[in-house]
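Data from start-v1.cif: mmCIF, C-alpha atoms
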```cif
data_my_file
loop_
_atom_site.label_atom_id
_atom_site.label_comp_id
_atom_site.auth_asym_id
_atom_site.auth_seq_id
_atom_site.Cartn_x
_atom_site.Cartn_y
_atom_site.Cartn_z
CA MET K 1 1.01 10.78 -7.39
CA THR K 2 -0.49 14.12 -8.48
CA THR K 3 -4.13 15.06 -8.01
CA SER K 4 -4.56 15.07 -11.79
CA ASN K 5 -3.24 11.50 -12.14
CA LEU K 6 -5.50 10.35 -9.32
CA ALA K 7 -8.49 11.96 -11.03
CA ASN K 8 -7.66 10.12 -14.26
CA ILE K 9 -7.49 6.77 -12.45
CA ILE K 10 -10.85 7.39 -10.76
CA ASN K 11 -12.32 8.46 -14.07
CA GLU K 12 -11.13 5.34 -15.86
CA PHE K 13 -12.38 3.05 -13.08
CA PHE K 14 -15.82 4.67 -12.86
CA THR K 15 -16.26 4.70 -16.63
CA SER K 16 -15.24 1.05 -16.87
CA PHE K 17 -17.63 0.12 -14.06
CA LEU K 18 -20.61 1.78 -15.73
CA GLN K 19 -19.88 0.42 -19.17
CA GLU K 20 -19.40 -3.15 -18.02
CA ASN K 21 -22.28 -3.39 -15.58
CA ASP K 22 -25.09 -1.61 -17.36
CA SER K 23 -25.25 -1.10 -21.11
CA SER K 24 -28.12 1.37 -20.65
CA ASN K 25 -25.85 3.85 -18.90
CA ASP K 26 -24.43 5.41 -22.07
CA LYS K 27 -26.00 8.78 -21.21
CA ILE K 28 -24.50 8.72 -17.71
CA VAL K 29 -21.07 7.80 -19.12
CA SER K 30 -21.30 10.63 -21.64
CA GLU K 31 -22.22 13.13 -18.94
CA TRP K 32 -19.46 11.89 -16.64
CA LYS K 33 -16.79 12.38 -19.31
CA LYS K 34 -17.56 16.06 -19.84
CA GLN K 35 -14.53 18.26 -19.24
CA GLU K 36 -16.27 20.39 -16.60
CA ASN K 37 -16.91 17.25 -14.51
CA ILE K 38 -13.24 16.27 -14.69
CA ILE K 39 -12.24 19.77 -13.59
CA SER K 40 -14.73 19.58 -10.70
CA LEU K 41 -13.29 16.20 -9.66
CA ASN K 42 -9.78 17.66 -9.63
CA LYS K 43 -10.92 20.49 -7.37
CA VAL K 44 -12.62 18.09 -4.96
CA LEU K 45 -9.49 15.91 -4.78
CA GLU K 46 -7.24 18.93 -4.20
CA LYS K 47 -9.49 20.07 -1.35
CA PHE K 48 -9.55 16.54 0.06
CA THR K 49 -5.76 16.13 0.06
CA LYS K 50 -5.31 19.49 1.81
CA THR K 51 -7.95 18.60 4.40
CA VAL K 52 -6.36 15.21 5.14
CA GLY K 53 -3.06 16.92 5.91
CA LYS K 54 -4.72 19.35 8.31
CA GLU K 55 -6.82 16.72 10.02
CA LYS K 56 -3.89 14.62 11.22
CA GLN K 57 -4.39 14.26 14.93
CA LYS K 58 -1.78 15.77 17.19
CA GLU K 59 -0.50 13.71 20.06
CA PRO K 60 -0.49 15.92 23.18
CA ASN K 61 1.54 13.40 25.21
CA LYS K 62 4.33 13.06 22.66
CA PRO K 63 7.65 14.39 24.06
CA LYS K 64 8.68 17.83 22.83
CA ARG K 65 11.63 17.83 20.47
CA ALA K 66 14.97 18.85 21.89
CA LYS K 67 15.82 22.54 21.58
CA SER K 68 19.01 23.68 19.91
CA ALA K 69 21.59 25.99 21.48
CA TYR K 70 20.42 28.74 19.12
CA THR K 71 16.77 28.29 20.25
CA TYR K 72 17.79 28.74 23.89
CA PHE K 73 19.80 31.83 22.94
CA CYS K 74 16.82 33.33 21.10
CA SER K 75 14.53 32.77 24.09
CA ASP K 76 16.95 34.71 26.32
CA ASN K 77 17.65 37.53 23.85
CA ARG K 78 14.36 38.12 22.02
CA GLU K 79 13.33 41.09 24.16
CA LYS K 80 16.80 42.61 23.84
CA ALA K 81 16.56 42.34 20.05
CA LYS K 82 13.17 44.11 20.10
CA LEU K 83 14.58 46.98 22.19
CA GLU K 84 17.49 47.46 19.78
CA LEU K 85 15.16 47.51 16.77
CA GLY K 86 12.74 50.06 18.24
CA ASP K 87 8.94 50.20 18.29
CA GLU K 88 8.20 49.62 14.58
CA TYR K 89 9.76 46.27 13.79
CA LYS K 90 8.67 43.20 11.80
CA ASN K 91 9.05 39.56 12.81
CA ALA K 92 11.50 38.99 9.96
CA GLU K 93 13.68 41.79 11.37
CA ILE K 94 13.68 40.16 14.81
CA PHE K 95 14.85 36.85 13.35
CA SER K 96 17.55 38.63 11.39
CA LYS K 97 18.69 40.60 14.44
CA LEU K 98 18.86 37.45 16.60
CA GLY K 99 20.90 35.74 13.88
CA ASP K 100 23.38 38.62 13.89
CA MET K 101 23.60 38.56 17.70
CA TRP K 102 24.20 34.78 17.64
CA ASN K 103 27.00 35.09 15.12
CA ILE K 104 28.63 37.84 17.19
CA LEU K 105 28.46 35.61 20.28
CA LYS K 106 30.10 32.68 18.46
CA MET K 107 32.96 34.85 17.18
CA ASP K 108 33.59 36.67 20.47
CA GLN K 109 36.36 34.78 22.31
CA SER K 110 35.61 36.67 25.53
CA ARG K 111 32.07 35.20 25.62
CA LYS K 112 32.98 31.51 25.40
CA THR K 113 31.36 30.77 28.77
CA GLU K 114 28.05 32.25 27.62
CA LEU K 115 28.15 30.24 24.40
CA GLN K 116 28.98 27.07 26.35
CA LYS K 117 25.92 27.66 28.55
CA TYR K 118 23.59 27.34 25.57
CA THR K 119 25.52 24.36 24.19
CA ASN K 120 25.14 22.56 27.51
CA LEU K 121 21.41 23.34 27.73
CA ALA K 122 20.92 21.88 24.24
CA ALA K 123 22.89 18.73 25.14
CA GLU K 124 20.83 18.21 28.30
CA ASP K 125 17.58 18.67 26.40
CA LYS K 126 18.72 16.15 23.79
CA VAL K 127 19.28 13.56 26.53
CA ARG K 128 15.86 14.38 27.99
CA TYR K 129 14.16 13.93 24.60
CA LYS K 130 15.84 10.59 23.87
CA LYS K 131 14.92 9.27 27.31
CA GLU K 132 11.28 10.29 27.00
CA MET K 133 10.99 8.90 23.46
CA SER K 134 12.40 5.54 24.54
CA SER K 135 9.39 4.98 26.81
CA TYR K 136 6.82 6.72 24.62
CA GLN K 137 4.14 4.78 22.75
CA SER K 138 2.21 6.45 19.95
CA SER K 139 -1.57 6.56 20.33
CA HIS K 140 -1.82 6.03 16.57
CA ASN K 141 -0.31 2.53 16.85
CA ASN K 142 1.92 3.21 13.83
CA GLU K 143 -1.14 3.80 11.64
CA ASP K 144 0.69 6.61 9.84
CA ILE K 145 3.47 4.28 8.70
CA PRO K 146 2.68 3.19 5.14
CA LYS K 147 2.29 -0.53 4.70
CA LYS K 148 4.77 -2.20 2.42
CA LYS K 149 3.31 -3.66 -0.74
CA ASP K 150 3.25 -7.45 -0.71
CA LEU K 151 5.34 -8.34 -3.75
CA ASN K 152 4.14 -11.94 -3.56
CA LEU K 153 0.52 -11.05 -4.25
CA PRO K 154 -0.60 -11.68 -7.84
CA LYS K 155 -1.65 -8.87 -10.16
CA ARG K 156 -5.38 -8.24 -10.11
CA ALA K 157 -7.44 -9.64 -12.95
CA LYS K 158 -8.01 -7.27 -15.86
CA SER K 159 -11.57 -6.60 -17.00
CA ALA K 160 -12.78 -7.01 -20.58
CA TYR K 161 -12.84 -3.23 -20.95
CA THR K 162 -9.27 -2.87 -19.60
CA LEU K 163 -8.01 -5.49 -22.04
CA PHE K 164 -9.81 -3.71 -24.87
CA CYS K 165 -8.24 -0.37 -23.85
CA SER K 166 -4.75 -1.90 -23.79
CA GLU K 167 -5.21 -3.05 -27.38
CA TYR K 168 -6.92 0.07 -28.73
CA ARG K 169 -5.08 2.82 -26.82
CA GLU K 170 -2.60 3.56 -29.61
CA LYS K 171 -5.39 3.61 -32.20
CA ALA K 172 -7.32 6.10 -30.06
CA ILE K 173 -4.25 8.35 -29.78
CA LYS K 174 -3.73 8.26 -33.56
CA GLU K 175 -7.35 9.27 -34.13
CA LEU K 176 -7.11 12.13 -31.64
CA GLY K 177 -3.61 13.33 -32.44
CA SER K 178 -0.36 13.18 -30.49
CA ASP K 179 -1.20 16.29 -28.43
CA CYS K 180 -4.36 14.75 -26.96
CA LYS K 181 -5.07 14.78 -23.21
CA SER K 182 -5.53 11.71 -21.02
CA THR K 183 -9.19 12.57 -20.45
CA GLU K 184 -9.74 12.70 -24.23
CA ILE K 185 -8.13 9.28 -24.63
CA PHE K 186 -10.38 7.77 -21.95
CA SER K 187 -13.39 9.35 -23.60
CA GLN K 188 -12.40 8.04 -27.05
CA LEU K 189 -11.79 4.52 -25.73
CA GLY K 190 -15.18 4.56 -24.02
CA LYS K 191 -16.81 5.58 -27.27
CA MET K 192 -14.98 2.81 -29.17
CA TRP K 193 -16.00 0.26 -26.50
CA ASN K 194 -19.66 1.25 -26.78
CA GLU K 195 -19.48 0.97 -30.56
CA LEU K 196 -18.04 -2.53 -30.22
CA LYS K 197 -20.83 -3.63 -27.84
CA LYS K 198 -23.55 -2.26 -30.12
CA ASP K 199 -22.15 -3.66 -33.37
CA SER K 200 -23.69 -7.13 -33.87
CA SER K 201 -21.17 -7.88 -36.64
CA ARG K 202 -18.36 -7.67 -34.06
CA LYS K 203 -19.78 -10.15 -31.55
CA ASP K 204 -16.75 -12.41 -31.92
CA GLU K 205 -14.39 -9.59 -31.06
CA LEU K 206 -16.42 -8.67 -27.98
CA GLU K 207 -16.51 -12.32 -26.97
CA LYS K 208 -12.72 -12.42 -27.24
CA TYR K 209 -12.30 -9.79 -24.53
CA THR K 210 -14.96 -11.44 -22.37
CA LYS K 211 -13.12 -14.76 -22.54
CA LEU K 212 -9.76 -13.12 -21.87
CA ALA K 213 -11.24 -11.42 -18.81
CA LEU K 214 -12.56 -14.76 -17.58
CA GLN K 215 -9.13 -16.32 -18.05
CA GLU K 216 -7.63 -13.39 -16.12
CA LYS K 217 -10.09 -13.93 -13.28
CA LYS K 218 -9.24 -17.65 -13.06
CA ARG K 219 -5.52 -16.88 -13.21
CA TYR K 220 -5.84 -14.34 -10.37
CA GLU K 221 -7.89 -16.67 -8.17
CA THR K 222 -5.43 -19.54 -8.71
CA GLU K 223 -2.36 -17.38 -7.99
CA LEU K 224 -4.03 -15.79 -4.95
CA LEU K 225 -4.87 -19.22 -3.52
CA SER K 226 -1.29 -20.35 -4.09
CA SER K 227 0.03 -17.19 -2.45
CA ASN K 228 -2.16 -17.66 0.62
CA GLU K 229 -1.10 -21.30 0.98
CA SER K 230 2.57 -20.30 0.77
CA GLY K 231 2.01 -17.66 3.41
CA ASN K 232 0.36 -20.13 5.75
CA GLU K 233 3.19 -22.64 5.31
CA SER K 234 5.87 -20.05 6.08
CA GLY K 235 3.95 -18.92 9.15
CA ASN K 236 3.82 -22.44 10.63
#
```
Whole structure given in structure tokens:
Amino acid sequence: MTTSNLANIINEFFTSFLQENDSSNDKIVSEWKKQENIISLNKVLEKFTKTVGKEKQKEPNKPKRAKSAYTYFCSDNREKAKLELGDEYKNAEIFSKLGDMWNILKMDQSRKTELQKYTNLAAEDKVRYKKEMSSYQSSHNNEDIPKKKDLNLPKRAKSAYTLFCSEYREKAIKELGSDCKSTEIFSQLGKMWNELKKDSSRKDELEKYTKLALQEKKRYETELLSSNESGNESGN
């Protein structure tokens, strides 16, 4: 999921929450939907996602990964590569030089014993790594492993506003034009929802969505209860 999509979901949820829980919040809703606020939200989310990646705790006791034969070769020949390049060299040139030296070693039949030395070191380190990992327990207790979605759980109940949006989304797009943005659609639907709530001649229509939302809530509660009972029976 992109940061932009996440921002749209948060925007829709927050707008729905305000509109359904306090009819006096029209000014707040209007302010929230301003384009500059959406842009600011995107920036905050981008910063957050980058920070989360950096803040992942390292595990100092976790076994070091096994080194390859090439890694061992580079450790032994790095200084030699620097000497051959001279004083003014760049890191990229060192890597390139070591790559050339490694290829020469692999192709030189007279240096098979040297090549085998690095192959053996890599094989030994692989055994070491597997052995250490077999007895290693993560301090994170598998918290980084994403939990599988329970397919047996019922779909959450839709709110009156969500049901209204489902029915009026296409109308909103037609009014805005086919090249409209998601934020513009949310804003238009919010405006249409507020108009519906304020129009006394459309009370029946508003009541329709309220009743549908109530039916959705009852459906969700019934299915959730049934799901929990099934889970308990299978666990016995």
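Reported to one decimal place, the separation of atom CA of Asp204 of chain K from atom CA of Tyr220 of chain K is 24.2 Å.
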Task: Spatial neighbours of segment 62-66 of chain K, 12 Å, only C-alpha atoms, chain gap at least 2 places, as a PyMOL selection string - done: chain K and resi 57-60+68-72+121-140
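Straight-line separation from atom CA of Asp100 of chain K to atom CA of Asn120 of chain K: 21.1 Å.
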- [ ] Using all atoms listed in the file, pick whichever of K:Lys218, K:Lys43, K:Arg169, K:Lys90 has the shortest atom-to-atom distance to Lys155 of chain K.
- [x]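 Checking each candidate against Lys155 of chain K, we get K:Lys218 as the closest.
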TODO: Point out the residue among K:Lys97, K:Lys211, K:Lys171, K:Lys80 with the least atom-to-atom distance to Lys158 of chain K, counting all atoms listed in the file.
DONE: K:Lys211
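In this model, the gap between atom CA of Glu175 of chain K and atom CA of Leu196 of chain K comes to 16.4 Å.
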Open item on the list: Taking (-8.0, -6.6, -19.8) in the coordinates of the supplied file, I want to know which residues reach to within 12 Å of it, counting all atoms listed in the file; could you give the answer as JSON, numbers by chain?
Closed with: {"K": [16, 155, 156, 157, 158, 159, 160, 161, 162, 163, 164, 165, 166, 167, 168, 206, 208, 209, 210, 211, 212, 213, 214, 215, 216, 217]}
For those residues, write C-alpha atoms to a file as a short mmCIF file (atom, residue, chain, number, x, y, z; two decimals), in the coordinates of the input.
```
data_model
loop_
_atom_site.label_atom_id
_atom_site.label_comp_id
_atom_site.auth_asym_id
_atom_site.auth_seq_id
_atom_site.Cartn_x
_atom_site.Cartn_y
_atom_site.Cartn_z
CA SER K 16 -15.24 1.05 -16.87
CA LYS K 155 -1.65 -8.87 -10.16
CA ARG K 156 -5.38 -8.24 -10.11
CA ALA K 157 -7.44 -9.64 -12.95
CA LYS K 158 -8.01 -7.27 -15.86
CA SER K 159 -11.57 -6.60 -17.00
CA ALA K 160 -12.78 -7.01 -20.58
CA TYR K 161 -12.84 -3.23 -20.95
CA THR K 162 -9.27 -2.87 -19.60
CA LEU K 163 -8.01 -5.49 -22.04
CA PHE K 164 -9.81 -3.71 -24.87
CA CYS K 165 -8.24 -0.37 -23.85
CA SER K 166 -4.75 -1.90 -23.79
CA GLU K 167 -5.21 -3.05 -27.38
CA TYR K 168 -6.92 0.07 -28.73
CA LEU K 206 -16.42 -8.67 -27.98
CA LYS K 208 -12.72 -12.42 -27.24
CA TYR K 209 -12.30 -9.79 -24.53
CA THR K 210 -14.96 -11.44 -22.37
CA LYS K 211 -13.12 -14.76 -22.54
CA LEU K 212 -9.76 -13.12 -21.87
CA ALA K 213 -11.24 -11.42 -18.81
CA LEU K 214 -12.56 -14.76 -17.58
CA GLN K 215 -9.13 -16.32 -18.05
CA GLU K 216 -7.63 -13.39 -16.12
CA LYS K 217 -10.09 -13.93 -13.28
#
```
Open item on the list: As a check of understanding, name the residues that the PyMOL selection byres ((chain K and resi 99) around 12) selects in the supplied structure, as a count of residues only.
Closed with: 21
As lines of an AutoDock Vina configuration file, what would the box around segment 181-200 of chain K look like: edges along x, y and z, 8 Å added on every side, centre and edge lengths in Å to one decimal?
```
center_x = -14.4
center_y = 3.8
center_z = -27.2
size_x = 34.6
size_y = 37.9
size_z = 29.4
```
